[in-house]
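J.: So I've got this file, final.txt, and it contains compact mmCIF, C-alpha atoms:
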# COMPACT_ATOMS: atom_id res chain seq x y z
CA MET A 1 100.43 114.28 -13.46
CA PRO A 2 98.64 115.06 -10.25
CA GLN A 3 95.61 116.18 -12.21
CA ASN A 4 95.48 112.92 -14.04
CA ARG A 5 95.65 110.97 -10.83
CA ARG A 6 92.77 112.93 -9.42
CA SER A 7 90.75 112.29 -12.52
CA ASP A 8 91.46 108.57 -12.34
CA MET A 9 90.61 108.50 -8.72
CA GLY A 10 87.33 110.26 -9.41
CA LYS A 11 86.38 107.65 -11.96
CA HIS A 12 87.19 104.84 -9.61
CA SER A 13 85.42 106.46 -6.68
CA ARG A 14 82.11 106.72 -8.66
CA GLY A 15 82.24 103.11 -9.75
CA PRO A 16 81.38 101.41 -6.44
CA VAL A 17 78.55 103.84 -5.82
CA ASP A 18 76.99 103.16 -9.17
CA ALA A 19 77.41 99.43 -8.69
CA TYR A 20 75.71 99.67 -5.32
CA ARG A 21 72.81 101.60 -6.80
CA ASN A 22 72.38 99.13 -9.63
CA THR A 23 72.43 96.24 -7.19
CA GLN A 24 69.88 97.90 -4.96
CA GLY A 25 67.63 98.49 -7.92
CA ARG A 26 67.67 94.89 -9.09
CA SER A 27 67.19 93.39 -5.68
CA GLY A 28 64.30 95.75 -5.02
CA SER A 29 62.59 94.64 -8.19
CA GLN A 30 63.13 91.02 -7.32
CA GLN A 31 61.69 91.53 -3.89
CA LYS A 32 58.79 93.40 -5.32
CA TYR A 33 57.86 90.84 -7.96
CA GLY A 34 58.80 87.91 -5.72
CA ALA A 35 56.37 89.08 -3.09
CA HIS A 36 53.66 89.44 -5.70
CA SER A 37 54.24 85.93 -7.01
CA LYS A 38 54.19 84.54 -3.52
CA GLN A 39 50.90 86.20 -2.76
CA THR A 40 49.42 84.93 -6.03
CA LEU A 41 50.51 81.33 -5.26
CA GLN A 42 49.09 81.50 -1.78
CA SER A 43 45.78 82.82 -3.10
CA ARG A 44 45.62 79.97 -5.64
CA GLN A 45 46.37 77.41 -2.99
CA THR A 46 43.73 78.76 -0.66
CA ARG A 47 41.14 78.89 -3.47
CA LYS A 48 38.97 75.73 -3.31
CA ALA A 49 38.99 73.68 -6.49
CA PRO A 50 35.50 72.72 -7.73
CA GLN A 51 34.58 69.09 -6.92
CA PRO A 52 33.27 66.94 -9.86
CA GLN A 53 29.63 66.09 -9.55
CA PRO A 54 28.58 62.38 -10.16
CA PRO A 55 26.30 61.91 -13.17
CA LYS A 56 22.66 61.57 -12.36
CA ARG A 57 21.37 57.99 -12.79
CA ASN A 58 18.28 57.26 -14.87
CA TYR A 59 16.33 54.57 -13.04
CA LEU A 60 13.40 54.59 -15.47
CA PRO A 61 14.56 51.67 -17.70
CA LEU A 62 15.21 49.54 -14.61
CA VAL A 63 11.79 50.25 -13.18
CA ILE A 64 10.12 49.50 -16.51
CA GLY A 65 12.03 46.17 -16.79
CA ILE A 66 10.93 45.12 -13.30
CA ILE A 67 7.30 45.95 -14.06
CA ILE A 68 7.39 43.97 -17.31
CA GLY A 69 8.97 40.98 -15.52
CA VAL A 70 6.30 40.99 -12.82
CA ILE A 71 3.53 41.17 -15.44
CA ALA A 72 5.07 38.25 -17.39
CA ILE A 73 5.29 36.07 -14.27
CA CYS A 74 1.68 36.84 -13.39
CA LEU A 75 0.53 35.94 -16.92
CA ILE A 76 2.42 32.63 -16.87
CA ARG A 77 0.94 31.66 -13.51
CA PHE A 78 -2.52 32.69 -14.63
CA VAL A 79 -2.32 30.55 -17.77
CA ALA A 80 -0.97 27.56 -15.81
CA CYS A 81 -3.69 27.80 -13.19
CA SER A 82 -6.46 28.29 -15.73
CA ARG A 83 -5.83 24.97 -17.57
CA PRO A 84 -8.78 22.65 -17.13
CA ILE A 85 -8.12 19.55 -15.05
CA ALA A 86 -9.46 16.39 -16.61
CA PRO A 87 -11.96 14.74 -14.30
CA GLN A 88 -10.89 11.32 -13.06
CA GLN A 89 -13.17 8.48 -13.89
CA SER A 90 -13.56 5.46 -11.70
CA SER A 91 -12.47 2.18 -13.24
CA SER A 92 -15.22 -0.29 -13.92
CA SER A 93 -14.81 -4.04 -14.12
CA THR A 94 -17.70 -4.27 -16.56
CA SER A 95 -16.98 -1.44 -18.98
CA ASN A 96 -13.78 -1.47 -21.02
CA ALA A 97 -14.86 1.61 -22.94
CA SER A 98 -15.08 3.81 -19.83
CA ALA A 99 -11.61 2.64 -18.74
CA SER A 100 -10.19 3.56 -22.13
CA THR A 101 -11.70 7.05 -21.94
CA SER A 102 -10.28 7.60 -18.45
CA ALA A 103 -6.81 6.48 -19.49
CA SER A 104 -6.95 8.68 -22.57
CA SER A 105 -7.34 11.76 -20.38
CA THR A 106 -4.49 10.75 -18.06
CA THR A 107 -2.05 10.30 -20.93
CA SER A 108 -2.87 13.50 -22.83
CA SER A 109 0.27 15.20 -21.52
CA SER A 110 2.61 12.51 -22.87
CA ALA A 111 0.77 12.38 -26.20
CA SER A 112 1.21 16.14 -26.65
CA SER A 113 4.98 15.64 -26.84
CA SER A 114 4.70 13.28 -29.81
CA THR A 115 5.64 14.28 -33.33
CA SER A 116 3.14 15.83 -35.73
CA SER A 117 2.31 12.43 -37.21
CA ALA A 118 1.55 11.07 -33.77
CA THR A 119 -0.46 14.14 -32.80
CA SER A 120 -2.66 13.85 -35.86
CA THR A 121 -3.65 10.31 -34.89
CA SER A 122 -3.83 10.62 -31.12
CA ALA A 123 -7.55 11.41 -31.38
CA ASN A 124 -8.10 7.84 -32.62
CA ALA A 125 -6.01 6.26 -29.89
CA GLN A 126 -7.92 5.03 -26.84
CA LEU A 127 -5.16 4.22 -24.42
CA THR A 128 -5.73 2.31 -21.23
CA ALA A 129 -2.48 3.64 -19.85
CA ASN A 130 -3.86 4.48 -16.41
CA GLU A 131 -2.02 2.29 -13.91
CA GLN A 132 -5.14 1.28 -11.99
CA ASP A 133 -6.90 0.27 -15.20
CA ARG A 134 -3.98 -1.95 -16.16
CA LEU A 135 -3.79 -3.50 -12.69
CA ARG A 136 -7.44 -4.29 -12.11
CA THR A 137 -8.74 -7.85 -12.04
CA SER A 138 -12.22 -9.24 -12.56
CA ASP A 139 -14.21 -12.45 -13.05
CA SER A 140 -14.68 -11.70 -16.72
CA LEU A 141 -14.91 -14.64 -19.11
CA ASN A 142 -13.23 -12.44 -21.73
CA ASN A 143 -16.00 -13.27 -24.19
CA VAL A 144 -17.44 -9.83 -25.00
CA LYS A 145 -16.26 -8.64 -28.40
CA PRO A 146 -15.35 -4.99 -28.87
CA ASP A 147 -17.96 -2.91 -30.66
CA LYS A 148 -15.33 -0.65 -32.24
CA ARG A 149 -12.41 -0.93 -34.61
CA VAL A 150 -9.52 -1.46 -32.25
CA VAL A 151 -6.05 -2.99 -32.44
CA TYR A 152 -4.16 -4.66 -29.60
CA LEU A 153 -0.47 -4.84 -30.46
CA THR A 154 1.08 -7.66 -28.42
CA PHE A 155 4.71 -8.78 -28.11
CA ASP A 156 5.74 -12.25 -26.93
CA ASP A 157 9.12 -13.47 -25.62
CA GLY A 158 10.50 -10.09 -24.53
CA PRO A 159 12.05 -7.98 -23.23
CA SER A 160 15.02 -7.97 -25.61
CA SER A 161 17.69 -5.75 -27.11
CA HIS A 162 14.96 -4.33 -29.39
CA THR A 163 12.55 -3.37 -26.59
CA HIS A 164 13.56 0.28 -26.38
CA GLN A 165 13.37 0.71 -30.14
CA ILE A 166 9.80 -0.58 -29.98
CA LEU A 167 9.00 1.68 -27.02
CA ASP A 168 10.35 4.74 -28.82
CA THR A 169 8.26 3.95 -31.89
CA LEU A 170 5.11 3.55 -29.80
CA ASP A 171 5.79 6.83 -28.01
CA ARG A 172 6.39 8.61 -31.31
CA TYR A 173 2.93 7.60 -32.51
CA GLY A 174 1.29 8.13 -29.12
CA ILE A 175 0.06 4.55 -28.66
CA LYS A 176 0.68 1.67 -26.22
CA ALA A 177 1.04 -2.11 -26.47
CA THR A 178 1.01 -5.29 -24.37
CA TRP A 179 4.08 -7.42 -23.57
CA PHE A 180 3.82 -11.13 -22.66
CA VAL A 181 7.22 -11.50 -21.04
CA MET A 182 9.69 -14.33 -20.44
CA GLY A 183 12.05 -14.73 -17.51
CA ASN A 184 15.34 -15.83 -19.06
CA THR A 185 15.88 -13.23 -21.79
CA GLY A 186 18.64 -11.40 -19.94
CA HIS A 187 16.64 -8.17 -20.14
CA LEU A 188 13.83 -8.78 -17.67
CA ASP A 189 14.68 -5.54 -15.88
CA TYR A 190 13.26 -3.72 -18.93
CA VAL A 191 9.76 -4.55 -17.69
CA LYS A 192 10.06 -1.49 -15.49
CA ASP A 193 10.59 0.75 -18.53
CA ILE A 194 7.74 -0.93 -20.40
CA TRP A 195 5.34 -0.43 -17.50
CA GLU A 196 6.36 3.11 -16.58
CA ARG A 197 5.90 4.25 -20.19
CA GLY A 198 2.22 3.26 -20.00
CA ASN A 199 2.25 -0.18 -21.58
CA GLN A 200 0.81 -3.42 -20.24
CA ILE A 201 2.83 -6.25 -18.71
CA ALA A 202 1.48 -9.80 -18.93
CA LEU A 203 3.04 -13.26 -18.42
CA HIS A 204 4.14 -15.79 -21.04
CA THR A 205 6.59 -18.35 -19.66
CA TYR A 206 9.83 -18.43 -17.73
CA GLU A 207 12.01 -20.53 -20.03
CA HIS A 208 9.73 -21.37 -22.97
CA ASN A 209 10.35 -25.07 -22.33
CA TYR A 210 7.28 -26.67 -23.96
CA ASP A 211 8.06 -30.18 -22.74
CA TYR A 212 8.13 -29.01 -19.15
CA VAL A 213 5.26 -26.50 -19.34
CA TYR A 214 2.86 -28.96 -20.94
CA GLY A 215 4.08 -31.96 -18.98
CA SER A 216 1.13 -31.35 -16.64
CA PRO A 217 -1.22 -28.56 -15.56
CA GLU A 218 0.80 -28.36 -12.34
CA ASN A 219 3.99 -27.69 -14.32
CA PHE A 220 2.17 -25.03 -16.29
CA VAL A 221 1.01 -23.28 -13.12
CA ALA A 222 4.50 -23.50 -11.60
CA ASP A 223 6.14 -22.01 -14.70
CA ILE A 224 3.72 -19.06 -14.97
CA SER A 225 3.99 -18.47 -11.22
CA ARG A 226 7.76 -18.36 -11.52
CA ILE A 227 7.75 -15.64 -14.16
CA GLY A 228 5.08 -13.81 -12.14
CA SER A 229 7.33 -13.76 -9.09
CA ALA A 230 10.26 -12.50 -11.19
CA VAL A 231 8.18 -9.61 -12.55
CA ASN A 232 6.98 -8.82 -9.04
CA GLU A 233 10.57 -8.14 -7.99
CA TYR A 234 10.73 -5.26 -10.49
CA LEU A 235 7.18 -3.91 -10.45
CA GLY A 236 5.91 -4.77 -6.97
CA PHE A 237 2.89 -6.73 -8.24
CA THR A 238 2.15 -9.98 -10.07
CA PRO A 239 0.27 -9.63 -13.36
CA THR A 240 -2.82 -11.80 -13.90
CA LEU A 241 -2.89 -11.63 -17.72
CA ILE A 242 -1.18 -14.56 -19.46
CA ARG A 243 -0.57 -16.09 -22.87
CA PHE A 244 0.04 -19.83 -23.26
CA PRO A 245 3.32 -20.67 -25.02
CA GLY A 246 2.16 -21.56 -28.53
CA GLY A 247 -1.39 -20.44 -27.74
CA SER A 248 -4.06 -22.04 -25.58
CA VAL A 249 -4.39 -24.95 -28.02
CA ASN A 250 -1.19 -26.34 -29.53
CA SER A 251 0.48 -29.59 -30.49
CA PHE A 252 1.91 -30.01 -26.97
CA ASN A 253 -1.41 -29.88 -25.10
CA SER A 254 -3.60 -31.27 -27.86
CA GLY A 255 -6.42 -33.36 -26.39
CA ASN A 256 -5.83 -31.91 -22.93
CA ALA A 257 -6.09 -28.16 -23.56
CA ASP A 258 -9.18 -27.74 -21.39
CA ALA A 259 -7.31 -28.95 -18.32
CA PHE A 260 -4.69 -26.25 -18.78
CA LYS A 261 -7.32 -23.60 -19.39
CA GLN A 262 -9.11 -24.66 -16.21
CA ALA A 263 -5.83 -24.49 -14.29
CA ALA A 264 -5.40 -20.91 -15.48
CA THR A 265 -8.97 -20.02 -14.45
CA ASN A 266 -8.43 -21.55 -11.01
CA GLN A 267 -5.47 -19.19 -10.52
CA GLY A 268 -7.56 -16.15 -11.46
CA TRP A 269 -5.59 -15.67 -14.67
CA HIS A 270 -6.99 -14.24 -17.90
CA TYR A 271 -5.52 -15.81 -21.02
CA PHE A 272 -5.32 -14.28 -24.48
CA ASP A 273 -4.71 -15.79 -27.90
CA TRP A 274 -4.70 -13.78 -31.16
CA ASN A 275 -6.50 -13.45 -34.49
CA VAL A 276 -3.74 -11.70 -36.51
CA SER A 277 -0.11 -12.80 -36.75
CA ILE A 278 2.82 -10.90 -38.19
CA GLY A 279 4.45 -14.19 -39.16
CA ASP A 280 7.84 -13.37 -37.61
CA SER A 281 8.50 -16.85 -36.22
CA THR A 282 10.47 -17.91 -39.27
CA VAL A 283 14.22 -18.54 -39.19
CA PRO A 284 15.88 -16.47 -40.48
CA ALA A 285 13.61 -13.52 -39.73
CA SER A 286 11.43 -12.29 -42.58
CA ASP A 287 12.14 -8.92 -44.16
CA VAL A 288 10.08 -5.84 -43.36
CA ASP A 289 7.97 -5.91 -46.53
CA THR A 290 6.94 -9.52 -45.91
CA LEU A 291 5.94 -8.77 -42.32
CA VAL A 292 3.85 -5.74 -43.31
CA ASN A 293 2.11 -7.70 -46.09
CA ASN A 294 1.33 -10.49 -43.59
CA ILE A 295 -0.38 -7.96 -41.32
CA ILE A 296 -2.42 -6.48 -44.17
CA SER A 297 -3.60 -9.85 -45.45
CA GLU A 298 -4.50 -11.24 -42.02
CA SER A 299 -6.30 -8.06 -40.96
CA GLU A 300 -8.71 -8.16 -43.90
CA GLY A 301 -12.29 -8.22 -42.63
CA CYS A 302 -11.06 -7.83 -39.03
CA ASN A 303 -13.11 -5.40 -36.93
CA SER A 304 -10.90 -5.78 -33.83
CA CYS A 305 -7.42 -7.23 -34.09
CA CYS A 306 -5.20 -8.83 -31.48
CA VAL A 307 -1.84 -8.92 -33.27
CA LEU A 308 0.83 -11.48 -32.37
CA MET A 309 4.40 -10.19 -32.72
CA HIS A 310 7.68 -11.06 -31.03
CA ASP A 311 10.18 -8.93 -29.13
CA SER A 312 13.27 -11.13 -29.09
CA ASP A 313 16.87 -10.63 -30.10
CA PRO A 314 16.58 -12.45 -33.49
CA LYS A 315 13.47 -10.43 -34.47
CA GLY A 316 14.99 -7.08 -35.36
CA THR A 317 12.89 -6.74 -38.51
CA THR A 318 9.73 -6.82 -36.38
CA ALA A 319 10.83 -3.64 -34.62
CA ASP A 320 11.75 -2.11 -37.99
CA ALA A 321 8.32 -2.95 -39.48
CA LEU A 322 6.37 -1.49 -36.56
CA PRO A 323 6.01 2.10 -37.91
CA ARG A 324 4.47 0.86 -41.17
CA ILE A 325 2.16 -1.51 -39.28
CA ILE A 326 0.92 1.32 -37.07
CA GLU A 327 0.38 3.60 -40.06
CA TYR A 328 -1.55 0.88 -41.89
CA TYR A 329 -4.02 0.48 -39.02
CA GLN A 330 -4.32 4.23 -38.66
CA SER A 331 -5.19 4.52 -42.35
CA GLN A 332 -7.98 1.99 -41.80
CA GLY A 333 -9.52 3.99 -38.95
CA PHE A 334 -8.46 1.72 -36.05
CA SER A 335 -7.76 2.91 -32.54
CA PHE A 336 -5.18 1.28 -30.29
CA ASP A 337 -5.45 -0.09 -26.77
CA VAL A 338 -3.80 -2.43 -24.27
CA LEU A 339 -5.31 -5.65 -22.97
CA VAL A 340 -6.90 -5.63 -19.51
CA SER A 341 -8.75 -8.22 -17.48
CA ASP A 342 -12.08 -7.44 -19.21
CA SER A 343 -10.74 -7.45 -22.76
CA TYR A 344 -11.96 -9.97 -25.29
CA GLY A 345 -9.73 -13.06 -25.17
CA TYR A 346 -9.54 -13.85 -28.90
CA HIS A 347 -9.56 -17.50 -27.82
CA PHE A 348 -8.91 -20.26 -30.35
Take the structure from the file and write it as structure tokens.
T.:
Amino acid sequence: MPQNRRSDMGKHSRGPVDAYRNTQGRSGSQQKYGAHSKQTLQSRQTRKAPQPQPPKRNYLPLVIGIIIGVIAICLIRFVACSRPIAPQQSSSSTSNASASTSASSTTSSSASSSTSSATSTSANAQLTANEQDRLRTSDSLNNVKPDKRVVYLTFDDGPSSHTHQILDTLDRYGIKATWFVMGNTGHLDYVKDIWERGNQIALHTYEHNYDYVYGSPENFVADISRIGSAVNEYLGFTPTLIRFPGGSVNSFNSGNADAFKQAATNQGWHYFDWNVSIGDSTVPASDVDTLVNNIISESEGCNSCCVLMHDSDPKGTTADALPRIIEYYQSQGFSFDVLVSDSYGYHF
């Protein structure tokens, strides 16, 4: 029994020593490897991470684009500055042809915007669209006939609700016309559009009251002066070109027409009749085919034509027939112009 106790005690006495040794071994290893890991972490933290480098920019395309833009701007300015400037010609009170040539050069820019049909005929159009040519006055007797094939398209009784349709047609073909205007149409303010688009403004009557107008030469002068003053409010000048209501000789002034003509001359007015009529005075208005056929028949044998048409609210077919009328005269080799103070009067 005592021997057994000693043996048991020996076993138990070695146990704590072994446990201590094992513990010391493990803790030593942990300290060893823990210290190594700590050193490794510190070395990684102290190591500087590489900074990303920004990509290098290629400025070559930008530089090339700027150079091309500068060259393009220079070319545009060079072309614009190298366009020839049409020489201005002085207006002459004795030469209608020189005035037409001058106006043709001043309106070349507006004609270039016309359609292909208008462009192809603009060479035949001699337009007195220059403002000074249209404004000038003279002592002309209006008795010198044109020596060329020319058409003067004239519209009485306007402006009307059809005025802008007529203006657009004229612009499309690159030609101009003359308006003999009235004062009580309700559209008198359109005279500004007519004038600014290169057409001529002349006077017709204020109210188209034949009994009053031809009651006396004094009434006639008063009526024309009244419409002249109304136009002046819109345009800043009073036109001197006129057309007698019904023409210079009519059933209302028959036997006394010379007195009215002399009254017009005394006022410095130039009066114009016509030698071709569209025949649009009928009620109801004639159809387009009839109007065009009237023009063709009346223009036969005509070297220069002053065409009477009407721009009034009931005359819508006149505006509709205008393109065919223009194309007819173009096919016959006519040029187009507006009336001025030196133009032939086509007097009855």
J.: For each of A:Asp139, A:Ser281, A:Ile194, A:Val221, take the minimum atom-to-atom distance to Leu170 of chain A, counting all atoms listed in the file, then give the residue where this is smallest.
T.: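 Selected residue with least distance to Leu170 of chain A: A:Ile194.
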J.: Find, counting only C-alpha atoms, the residue in A:Glu233, A:Asp342, A:Asp337, A:Asp313 that gets nearest to Ser161 of chain A.
T.: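 Among A:Glu233, A:Asp342, A:Asp337, A:Asp313, it is A:Asp313 that comes nearest to Ser161 of chain A.
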J.: Between A:Val288, A:Glu298, A:Gly247, A:Leu241, which one has atoms that come closest to Leu322 of chain A, using all atoms listed in the file?
T.: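 Smallest distance to Leu322 of chain A is found for A:Val288.
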J.: A:Glu218, A:Asp287, A:Glu131, A:Glu327: which is nearest Gln267 of chain A, counting only C-alpha atoms?
T.: A:Glu218
J.: Each side padded by 4 Å, which centre and which edge lengths in Å (one decimal) define the axis-aligned box around the listed atoms of segment 256-261 of chain A? Give them as JSON.
T.:
{"center_x": -6.9, "center_y": -27.8, "center_z": -20.9, "size_x": 12.5, "size_y": 16.3, "size_z": 13.2}
J.: Could you work out how far atom CA of Tyr212 of chain A lies from atom CA of Ala259 of chain A, giving the answer in Å with one decimal?
T.: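 Answer for the atom CA of Ala259 of chain A to atom CA of Tyr212 of chain A separation: 15.5 Å.
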J.: If I take atom CA of Leu167 of chain A and atom CA of Phe180 of chain A, how far is one from the other in Å, to one decimal?
T.: 14.5 Å
J.: Pick from A:Ile67, A:Arg149, A:Ala202, A:Arg172: nearest to Ser299 of chain A, with all atoms listed in the file counted?
T.: A:Arg149
J.: Kindly give the distance, in Å, that separates atom CA of Ser331 of chain A and atom CA of Tyr346 of chain A, rounded to a single decimal.
T.: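 Separation of atom CA of Ser331 of chain A and atom CA of Tyr346 of chain A: 23.2 Å.
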J.: Measuring atom to atom with all atoms listed in the file, identify which of A:Asn232, A:Asn130, A:Asn184, A:Gln330 is nearest to Asn209 of chain A.
T.: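 Checking each of A:Asn232, A:Asn130, A:Asn184, A:Gln330 against Asn209 of chain A, counting all atoms listed in the file, the winner is A:Asn184.
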J.: Residues proximal to (-14.8, -15.7, -19.0) were defined as those with any atom within 9 Å of that point in the file's coordinates, counting all atoms listed in the file. Which are they, as an NGL selection string?
T.: :A and (139-144 or 265 or 270 or 342 or 344-345)
J.: Which residues are close to Thr178 of chain A, i.e. within 6 Å by all atoms listed in the file, leaving aside same-chain residues fewer than 2 positions away? Reply as a ChimeraX atom specification.
T.: /A:154,199-200,338
J.: Some atoms are absent from segment 248-262 of chain A, so rebuild N, CA and C atoms and return them as a PDB file, in the coordinates of the input.
T.:
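Output (part-v6.pdb):
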ATOM      1  N   SER A 248      -3.333 -21.193 -26.538  1.00  0.00           N
ATOM      2  CA  SER A 248      -4.060 -22.040 -25.580  1.00  0.00           C
ATOM      3  C   SER A 248      -4.300 -23.441 -26.104  1.00  0.00           C
ATOM      4  N   VAL A 249      -4.273 -23.617 -27.411  1.00  0.00           N
ATOM      5  CA  VAL A 249      -4.390 -24.950 -28.020  1.00  0.00           C
ATOM      6  C   VAL A 249      -3.216 -25.115 -28.968  1.00  0.00           C
ATOM      7  N   ASN A 250      -2.389 -26.118 -28.720  1.00  0.00           N
ATOM      8  CA  ASN A 250      -1.190 -26.340 -29.530  1.00  0.00           C
ATOM      9  C   ASN A 250      -0.874 -27.829 -29.580  1.00  0.00           C
ATOM     10  N   SER A 251       0.154 -28.175 -30.303  1.00  0.00           N
ATOM     11  CA  SER A 251       0.480 -29.590 -30.490  1.00  0.00           C
ATOM     12  C   SER A 251       0.985 -30.248 -29.205  1.00  0.00           C
ATOM     13  N   PHE A 252       1.387 -29.434 -28.210  1.00  0.00           N
ATOM     14  CA  PHE A 252       1.910 -30.010 -26.970  1.00  0.00           C
ATOM     15  C   PHE A 252       0.802 -30.300 -25.957  1.00  0.00           C
ATOM     16  N   ASN A 253      -0.316 -29.611 -26.044  1.00  0.00           N
ATOM     17  CA  ASN A 253      -1.410 -29.880 -25.100  1.00  0.00           C
ATOM     18  C   ASN A 253      -2.662 -30.376 -25.824  1.00  0.00           C
ATOM     19  N   SER A 254      -2.475 -30.787 -27.065  1.00  0.00           N
ATOM     20  CA  SER A 254      -3.600 -31.270 -27.860  1.00  0.00           C
ATOM     21  C   SER A 254      -4.300 -32.429 -27.145  1.00  0.00           C
ATOM     22  N   GLY A 255      -5.630 -32.338 -27.070  1.00  0.00           N
ATOM     23  CA  GLY A 255      -6.420 -33.360 -26.390  1.00  0.00           C
ATOM     24  C   GLY A 255      -6.550 -33.105 -24.906  1.00  0.00           C
ATOM     25  N   ASN A 256      -5.766 -32.204 -24.360  1.00  0.00           N
ATOM     26  CA  ASN A 256      -5.830 -31.910 -22.930  1.00  0.00           C
ATOM     27  C   ASN A 256      -5.839 -30.407 -22.664  1.00  0.00           C
ATOM     28  N   ALA A 257      -6.158 -29.615 -23.682  1.00  0.00           N
ATOM     29  CA  ALA A 257      -6.090 -28.160 -23.560  1.00  0.00           C
ATOM     30  C   ALA A 257      -7.032 -27.636 -22.494  1.00  0.00           C
ATOM     31  N   ASP A 258      -8.203 -28.252 -22.365  1.00  0.00           N
ATOM     32  CA  ASP A 258      -9.180 -27.740 -21.390  1.00  0.00           C
ATOM     33  C   ASP A 258      -8.652 -27.825 -19.959  1.00  0.00           C
ATOM     34  N   ALA A 259      -7.862 -28.818 -19.673  1.00  0.00           N
ATOM     35  CA  ALA A 259      -7.310 -28.950 -18.320  1.00  0.00           C
ATOM     36  C   ALA A 259      -6.367 -27.794 -18.003  1.00  0.00           C
ATOM     37  N   PHE A 260      -5.601 -27.384 -18.996  1.00  0.00           N
ATOM     38  CA  PHE A 260      -4.690 -26.250 -18.780  1.00  0.00           C
ATOM     39  C   PHE A 260      -5.453 -24.938 -18.687  1.00  0.00           C
ATOM     40  N   LYS A 261      -6.487 -24.812 -19.481  1.00  0.00           N
ATOM     41  CA  LYS A 261      -7.320 -23.600 -19.390  1.00  0.00           C
ATOM     42  C   LYS A 261      -7.977 -23.518 -18.021  1.00  0.00           C
ATOM     43  N   GLN A 262      -8.467 -24.653 -17.520  1.00  0.00           N
ATOM     44  CA  GLN A 262      -9.110 -24.660 -16.210  1.00  0.00           C
ATOM     45  C   GLN A 262      -8.104 -24.327 -15.110  1.00  0.00           C
TER      46      GLN A 262
END
